[in-house]
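Trainee: query_14.pdb is reproduced below (PDB, C-alpha atoms).
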```pdb
ATOM      1  CA  MET A   1     141.950  82.769 102.454
ATOM      2  CA  PRO A   2     139.522  85.472 103.647
ATOM      3  CA  ALA A   3     135.791  84.731 103.571
ATOM      4  CA  GLU A   4     133.817  86.065 100.640
ATOM      5  CA  PRO A   5     131.951  89.276 101.587
ATOM      6  CA  ARG A   6     128.220  88.734 102.104
ATOM      7  CA  ALA A   7     125.512  91.330 101.656
ATOM      8  CA  LYS A   8     121.807  91.725 101.007
ATOM      9  CA  ILE A   9     120.720  94.867  99.189
ATOM     10  CA  ALA A  10     117.069  95.798  98.660
ATOM     11  CA  PHE A  11     115.494  98.431  96.443
ATOM     12  CA  VAL A  12     112.482 100.078  98.083
ATOM     13  CA  GLY A  13     109.871 102.422  96.709
ATOM     14  CA  SER A  14     106.439 102.513  95.192
ATOM     15  CA  HIS A  15     105.594 100.564  92.052
ATOM     16  CA  GLY A  16     106.669 101.917  88.686
ATOM     17  CA  VAL A  17     109.660 103.930  89.932
ATOM     18  CA  GLY A  18     112.516 101.927  88.402
ATOM     19  CA  LYS A  19     113.527  99.471  91.143
ATOM     20  CA  THR A  20     113.688  96.528  88.744
ATOM     21  CA  THR A  21     115.783  98.444  86.217
ATOM     22  CA  LEU A  22     118.256  99.480  88.933
ATOM     23  CA  CYS A  23     118.344  95.968  90.386
ATOM     24  CA  TYR A  24     119.254  94.439  87.014
ATOM     25  CA  GLY A  25     121.730  97.227  86.281
ATOM     26  CA  LEU A  26     123.480  96.716  89.600
ATOM     27  CA  ALA A  27     123.529  92.949  89.065
ATOM     28  CA  ALA A  28     125.212  93.388  85.674
ATOM     29  CA  ARG A  29     127.845  95.733  87.085
ATOM     30  CA  LEU A  30     128.631  93.508  90.065
ATOM     31  CA  LYS A  31     128.821  90.406  87.858
ATOM     32  CA  ARG A  32     131.390  92.216  85.698
ATOM     33  CA  ARG A  33     133.409  92.498  88.913
ATOM     34  CA  ASP A  34     133.066  88.718  89.441
ATOM     35  CA  VAL A  35     130.602  89.019  92.327
ATOM     36  CA  ALA A  36     128.481  85.883  92.742
ATOM     37  CA  LEU A  37     124.912  87.033  93.321
ATOM     38  CA  GLU A  38     121.249  86.195  93.061
ATOM     39  CA  ILE A  39     118.260  88.452  92.424
ATOM     40  CA  VAL A  40     115.055  88.036  94.405
ATOM     41  CA  HIS A  41     112.438  89.168  91.907
ATOM     42  CA  GLU A  42     109.260  91.008  92.834
ATOM     43  CA  VAL A  43     106.966  88.294  94.198
ATOM     44  CA  ALA A  44     103.706  90.262  93.962
ATOM     45  CA  ARG A  45     103.691  89.669  90.200
ATOM     46  CA  ARG A  46     103.281  85.931  90.876
ATOM     47  CA  SER A  47     100.658  86.267  93.576
ATOM     48  CA  PRO A  48      97.699  83.954  93.067
ATOM     49  CA  LEU A  49      95.665  86.427  95.121
ATOM     50  CA  PRO A  50      94.577  90.038  94.442
ATOM     51  CA  ILE A  51      97.218  92.779  94.483
ATOM     52  CA  ASN A  52      97.291  96.575  94.167
ATOM     53  CA  GLU A  53      94.203  98.437  95.406
ATOM     54  CA  ALA A  54      92.201  95.175  95.523
ATOM     55  CA  THR A  55      94.690  93.366  97.743
ATOM     56  CA  THR A  56      93.623  91.465 100.824
ATOM     57  CA  VAL A  57      95.285  90.518 104.075
ATOM     58  CA  PRO A  58      95.801  86.905 102.880
ATOM     59  CA  ALA A  59      97.337  88.181  99.633
ATOM     60  CA  GLN A  60      99.798  90.445 101.408
ATOM     61  CA  ARG A  61     100.671  87.706 103.905
ATOM     62  CA  TRP A  62     101.401  85.374 100.967
ATOM     63  CA  ILE A  63     103.612  88.033  99.373
ATOM     64  CA  LEU A  64     105.511  88.729 102.605
ATOM     65  CA  LEU A  65     106.098  85.067 103.399
ATOM     66  CA  THR A  66     107.157  84.308  99.822
ATOM     67  CA  GLN A  67     109.576  87.269  99.897
ATOM     68  CA  VAL A  68     111.182  85.996 103.107
ATOM     69  CA  ALA A  69     111.394  82.424 101.782
ATOM     70  CA  GLU A  70     113.031  83.521  98.531
ATOM     71  CA  GLU A  71     115.520  85.709 100.385
ATOM     72  CA  LEU A  72     116.432  82.770 102.647
ATOM     73  CA  VAL A  73     117.066  80.490  99.674
ATOM     74  CA  ALA A  74     119.075  83.110  97.783
ATOM     75  CA  ALA A  75     121.245  83.934 100.820
ATOM     76  CA  ALA A  76     121.944  80.244 101.410
ATOM     77  CA  ARG A  77     123.202  79.837  97.843
ATOM     78  CA  TYR A  78     124.940  83.135  97.065
ATOM     79  CA  PRO A  79     127.078  85.586  99.038
ATOM     80  CA  VAL A  80     125.303  88.641  97.586
ATOM     81  CA  VAL A  81     121.540  88.979  97.260
ATOM     82  CA  LEU A  82     119.807  91.810  95.418
ATOM     83  CA  CYS A  83     116.111  92.248  96.217
ATOM     84  CA  ASP A  84     113.689  93.966  93.867
ATOM     85  CA  ARG A  85     111.660  95.032  96.948
ATOM     86  CA  SER A  86     112.006  94.458 100.664
ATOM     87  CA  VAL A  87     109.620  93.121 103.261
ATOM     88  CA  LEU A  88     108.924  96.709 104.335
ATOM     89  CA  ASP A  89     107.601  98.014 101.054
ATOM     90  CA  ASN A  90     105.581  94.814 100.636
ATOM     91  CA  TYR A  91     104.192  95.403 104.151
ATOM     92  CA  VAL A  92     103.190  98.956 103.191
ATOM     93  CA  TYR A  93     100.582  97.551 100.791
ATOM     94  CA  LEU A  94      99.102  95.593 103.721
ATOM     95  CA  LEU A  95      99.145  98.732 105.882
ATOM     96  CA  LEU A  96      97.230 100.644 103.228
ATOM     97  CA  ALA A  97      94.704  97.838 102.749
ATOM     98  CA  ALA A  98      94.002  96.853 106.341
ATOM     99  CA  GLY A  99      96.214  98.658 108.853
ATOM    100  CA  ARG A 100      98.800  97.123 111.148
ATOM    101  CA  ASP A 101      98.922  93.354 111.488
ATOM    102  CA  SER A 102     100.521  92.461 114.843
ATOM    103  CA  GLU A 103     101.819  89.075 113.699
ATOM    104  CA  PHE A 104     103.368  90.442 110.529
ATOM    105  CA  GLU A 105     104.564  93.634 112.190
ATOM    106  CA  ALA A 106     106.845  91.436 114.332
ATOM    107  CA  LEU A 107     108.022  89.519 111.262
ATOM    108  CA  VAL A 108     108.853  92.709 109.361
ATOM    109  CA  GLU A 109     110.563  94.303 112.361
ATOM    110  CA  GLY A 110     112.679  91.199 112.914
ATOM    111  CA  TRP A 111     113.529  90.815 109.218
ATOM    112  CA  LEU A 112     114.598  94.406 108.460
ATOM    113  CA  PRO A 113     118.045  94.053 110.094
ATOM    114  CA  THR A 114     118.924  91.332 107.553
ATOM    115  CA  TYR A 115     119.336  94.017 104.861
ATOM    116  CA  ASP A 116     122.794  95.532 104.596
ATOM    117  CA  LEU A 117     121.587  98.337 102.341
ATOM    118  CA  LEU A 118     118.152  99.748 101.549
ATOM    119  CA  VAL A 119     118.032 101.911  98.415
ATOM    120  CA  TYR A 120     115.018 104.230  98.201
ATOM    121  CA  VAL A 121     113.879 104.970  94.643
ATOM    122  CA  PRO A 122     111.649 108.083  94.470
ATOM    123  CA  VAL A 123     108.581 108.635  92.333
ATOM    124  CA  LEU A 124     109.423 110.707  89.247
ATOM    125  CA  ALA A 125     106.554 109.889  86.899
ATOM    126  CA  GLN A 126     103.217 108.134  86.748
ATOM    127  CA  PRO A 127     103.402 104.353  86.549
ATOM    128  CA  SER A 128     103.157 102.887  83.072
ATOM    129  CA  PRO A 129     100.406 100.309  82.651
ATOM    130  CA  ASP A 130     102.025  96.878  82.418
ATOM    131  CA  GLY A 131      98.981  94.693  82.952
ATOM    132  CA  VAL A 132      99.964  93.776  86.520
ATOM    133  CA  ARG A 133     100.783  96.748  88.726
ATOM    134  CA  ALA A 134      98.392  99.626  89.456
ATOM    135  CA  ALA A 135      98.511 102.504  86.979
ATOM    136  CA  ASP A 136      96.716 104.989  89.271
ATOM    137  CA  PRO A 137      99.200 107.775  90.172
ATOM    138  CA  GLY A 138      97.241 108.511  93.354
ATOM    139  CA  PHE A 139      97.777 104.958  94.591
ATOM    140  CA  GLN A 140     101.458 105.132  93.602
ATOM    141  CA  ARG A 141     101.861 108.324  95.687
ATOM    142  CA  ALA A 142      99.945 106.813  98.633
ATOM    143  CA  VAL A 143     102.330 103.840  98.669
ATOM    144  CA  ASP A 144     105.333 106.171  98.451
ATOM    145  CA  GLU A 145     104.091 108.416 101.287
ATOM    146  CA  ARG A 146     103.315 105.480 103.578
ATOM    147  CA  LEU A 147     106.679 103.878 102.833
ATOM    148  CA  ASN A 148     108.464 107.102 103.760
ATOM    149  CA  GLU A 149     106.437 107.307 106.988
ATOM    150  CA  GLU A 150     107.487 103.740 107.856
ATOM    151  CA  LEU A 151     111.154 104.380 107.035
ATOM    152  CA  ALA A 152     111.125 107.464 109.280
ATOM    153  CA  ARG A 153     109.129 105.809 112.085
ATOM    154  CA  ARG A 154     111.570 102.915 112.207
ATOM    155  CA  GLY A 155     114.671 105.117 111.885
ATOM    156  CA  LEU A 156     116.079 102.957 109.095
ATOM    157  CA  PRO A 157     119.272 104.014 107.345
ATOM    158  CA  VAL A 158     118.492 104.376 103.655
ATOM    159  CA  LEU A 159     120.426 105.403 100.573
ATOM    160  CA  ARG A 160     118.033 107.973  99.075
ATOM    161  CA  LEU A 161     118.426 108.542  95.367
ATOM    162  CA  ASP A 162     118.235 112.180  94.281
ATOM    163  CA  PRO A 163     115.196 112.769  92.030
ATOM    164  CA  GLY A 164     117.156 115.441  90.156
ATOM    165  CA  ALA A 165     120.106 113.170  89.369
ATOM    166  CA  ARG A 166     118.491 110.104  87.806
ATOM    167  CA  ALA A 167     121.330 109.686  85.295
ATOM    168  CA  ALA A 168     123.721 109.053  88.201
ATOM    169  CA  TRP A 169     121.521 106.631  90.178
ATOM    170  CA  LEU A 170     123.193 103.442  89.011
ATOM    171  CA  GLU A 171     126.697 104.777  89.668
ATOM    172  CA  ARG A 172     125.658 105.906  93.152
ATOM    173  CA  VAL A 173     124.089 102.527  93.964
ATOM    174  CA  GLU A 174     127.085 100.640  92.579
ATOM    175  CA  ALA A 175     129.497 102.681  94.728
ATOM    176  CA  ALA A 176     127.429 102.061  97.872
ATOM    177  CA  ALA A 177     127.075  98.362  97.079
ATOM    178  CA  TRP A 178     130.782  97.961  96.358
ATOM    179  CA  LEU A 179     131.592  99.278  99.839
ATOM    180  CA  ARG A 180     129.687  96.269 101.184
ATOM    181  CA  VAL A 181     130.610  93.543  98.707
ATOM    182  CA  GLY A 182     134.015  94.527  97.351
ATOM    183  CA  SER A 183     136.799  92.046  97.905
ATOM    184  CA  PRO A 184     138.951  92.936 100.871
ATOM    185  CA  GLN A 185     142.267  94.286  99.749
ATOM    186  CA  LEU A 186     145.274  92.113 100.305
ATOM    187  CA  GLU A 187     147.606  93.476 102.931
ATOM    188  CA  LEU A 188     150.660  94.922 101.328
ATOM    189  CA  LEU A 189     153.816  93.016 102.109
ATOM    190  CA  THR A 190     156.474  95.152 103.648
ATOM    191  CA  PRO A 191     160.104  94.267 103.088
ATOM    192  CA  GLU A 192     161.829  92.878 106.140
TER
END
```
Turn the structure described in the file into structure tokens.
Mentor:
Amino acid sequence: MPAEPRAKIAFVGSHGVGKTTLCYGLAARLKRRDVALEIVHEVARRSPLPINEATTVPAQRWILLTQVAEELVAAARYPVVLCDRSVLDNYVYLLLAAGRDSEFEALVEGWLPTYDLLVYVPVLAQPSPDGVRAADPGFQRAVDERLNEELARRGLPVLRLDPGARAAWLERVEAAAWLRVGSPQLELLTPE
């Protein structure tokens, strides 16, 4: 019996762009196809330390390490892992707050190849206040710009969602994900 396909897919982008909605939508669609999966939820929401514009180096280190730990656990238990963020977009908040961190730069660089698919979700509207994430559109754009700089600097392959085709985002993500997690087709038997 062939091994079950394994994949880790992460949604990247600034806060308030719809990563969580897409992550849950993709999870529902893959589960309907009998794909065993786990979601790694956004860890910044549970940070005991300051986030957003008030973040600190210790806070961002906690977030990065917690993200990695939760991805490790999820990948050990399930063949498919969907991440509502990646280490890179978490690292971008550290870059904006304090600049490059040599220890964590190595961690991020070494961890990025563990993602089979990065899905970039663009900014379409101002973030809605939710009591946790920053509502300042200027900060949202700064995060988005720095993330795009990092994606380009690192030459990472990314599925970029078209801002003008939001209604088709979930279908596009599902098709790309299915290429990575779909069950291998059985070889057709040929008559002898």
Trainee: Report, in Å to a single decimal, how far apart CA of Pro5 in chain A and CA of Ile39 in chain A are.
Mentor: 16.5 Å
Trainee: Kindly give the distance, in Å, that separates CA of Val119 in chain A and CA of Val12 in chain A, rounded to a single decimal.
Mentor: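 A separation of 5.9 Å between them.
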Trainee: How would you write, as a ChimeraX atom specification, the residues chosen by the PyMOL selection byres ((chain A and resi 85) around 10) on this structure?
Mentor: /A:9-15,19-20,23,40-44,67,82-84,86-90,118-120
Trainee: Looking at A:Val123, A:Leu159, A:Val80, A:Leu65, which one is nearest to Asp144 in chain A, with distances taken over all atoms listed in the file?
Mentor: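 Once distances to Asp144 in chain A are computed over all atoms listed in the file, the minimum belongs to A:Val123.
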Trainee: Between CA of Asn52 in chain A and CA of Arg154 in chain A, measure the distance and give it in Å to one decimal.
Mentor: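 For CA of Asn52 in chain A relative to CA of Arg154 in chain A, the distance reads 23.9 Å.
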Trainee: Which is closest to Glu103 in chain A among A:Asp116, A:Ala54, A:Tyr91, A:Lys31, if we use all atoms listed in the file?
Mentor: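 Checking each of A:Asp116, A:Ala54, A:Tyr91, A:Lys31 against Glu103 in chain A, counting all atoms listed in the file, the winner is A:Tyr91.
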Trainee: If the PyMOL selection byres ((chain A and resi 97) around 12) were run on this exact file, what residues would it hold? Put them as a ChimeraX atom specification.
Mentor: /A:50-61,90-96,98-101,139,142-143,146
Trainee: Restricting the output to C-alpha atoms, write the selected residues as a PDB file, keeping the file's coordinate frame.
Mentor:
```
ATOM      1  CA  PRO A  50      94.577  90.038  94.442  1.00  0.00           C
ATOM      2  CA  ILE A  51      97.218  92.779  94.483  1.00  0.00           C
ATOM      3  CA  ASN A  52      97.291  96.575  94.167  1.00  0.00           C
ATOM      4  CA  GLU A  53      94.203  98.437  95.406  1.00  0.00           C
ATOM      5  CA  ALA A  54      92.201  95.175  95.523  1.00  0.00           C
ATOM      6  CA  THR A  55      94.690  93.366  97.743  1.00  0.00           C
ATOM      7  CA  THR A  56      93.623  91.465 100.824  1.00  0.00           C
ATOM      8  CA  VAL A  57      95.285  90.518 104.075  1.00  0.00           C
ATOM      9  CA  PRO A  58      95.801  86.905 102.880  1.00  0.00           C
ATOM     10  CA  ALA A  59      97.337  88.181  99.633  1.00  0.00           C
ATOM     11  CA  GLN A  60      99.798  90.445 101.408  1.00  0.00           C
ATOM     12  CA  ARG A  61     100.671  87.706 103.905  1.00  0.00           C
ATOM     13  CA  ASN A  90     105.581  94.814 100.636  1.00  0.00           C
ATOM     14  CA  TYR A  91     104.192  95.403 104.151  1.00  0.00           C
ATOM     15  CA  VAL A  92     103.190  98.956 103.191  1.00  0.00           C
ATOM     16  CA  TYR A  93     100.582  97.551 100.791  1.00  0.00           C
ATOM     17  CA  LEU A  94      99.102  95.593 103.721  1.00  0.00           C
ATOM     18  CA  LEU A  95      99.145  98.732 105.882  1.00  0.00           C
ATOM     19  CA  LEU A  96      97.230 100.644 103.228  1.00  0.00           C
ATOM     20  CA  ALA A  98      94.002  96.853 106.341  1.00  0.00           C
ATOM     21  CA  GLY A  99      96.214  98.658 108.853  1.00  0.00           C
ATOM     22  CA  ARG A 100      98.800  97.123 111.148  1.00  0.00           C
ATOM     23  CA  ASP A 101      98.922  93.354 111.488  1.00  0.00           C
ATOM     24  CA  PHE A 139      97.777 104.958  94.591  1.00  0.00           C
ATOM     25  CA  ALA A 142      99.945 106.813  98.633  1.00  0.00           C
ATOM     26  CA  VAL A 143     102.330 103.840  98.669  1.00  0.00           C
ATOM     27  CA  ARG A 146     103.315 105.480 103.578  1.00  0.00           C
TER      28      ARG A 146
END
```
Trainee: Between A:Arg172, A:Arg160, A:Pro127, A:Ala167, which residue has the minimum interatomic distance to Gln140 in chain A, considering only C-alpha atoms?
Mentor: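 Smallest distance to Gln140 in chain A is found for A:Pro127.
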Trainee: With distances taken over all atoms listed in the file, which residue among A:Ile63, A:Val121, A:Val35, A:Val158 lies nearest Thr21 in chain A?
Mentor: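 That would be A:Val121, the residue with the smallest distance to Thr21 in chain A.
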Trainee: Enumerate, as a list in words, the protein, DNA and RNA residues whose atoms approach (118.8, 89.4, 107.9) to within 12 Å, taking into account all atoms listed in the file and the coordinate frame of the file.
Mentor: Arg6, Ala7, Lys8, Ile9, Ala10, Val68, Ala69, Glu71, Leu72, Ala74, Ala75, Ala76, Val81, Ser86, Val87, Leu107, Val108, Glu109, Gly110, Trp111, Leu112, Pro113, Thr114, Tyr115, Asp116 and Leu117 of chain A
Trainee: Could you tell me which residues the PyMOL selection byres ((chain A and resi 36) around 10) grabs in this file, written as a ChimeraX atom specification?
Mentor: /A:4,6,27,30-35,37-38,77-81,181
Trainee: Out of A:Leu179, A:Arg45, A:Glu105, A:Leu22, which residue has the shortest atom-to-atom distance to Glu150 in chain A when counting all atoms listed in the file?
Mentor: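 Closest to Glu150 in chain A, using all atoms listed in the file: A:Glu105.
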Trainee: Give, as AutoDock Vina command-line options, the centre coordinates and the x, y and z edge lengths in Å to one decimal for an axis-aligned box around all listed atoms of range 172-175 of chain A, padded by 5 Å on each side.
Mentor:
```
--center_x 126.8 --center_y 103.3 --center_z 93.7 --size_x 15.4 --size_y 15.3 --size_z 12.1
```
Trainee: Nearest residue to Asp162 in chain A out of A:Ala28, A:Leu147, A:Ala177, A:Leu124, using only C-alpha atoms?
Mentor: A:Leu124
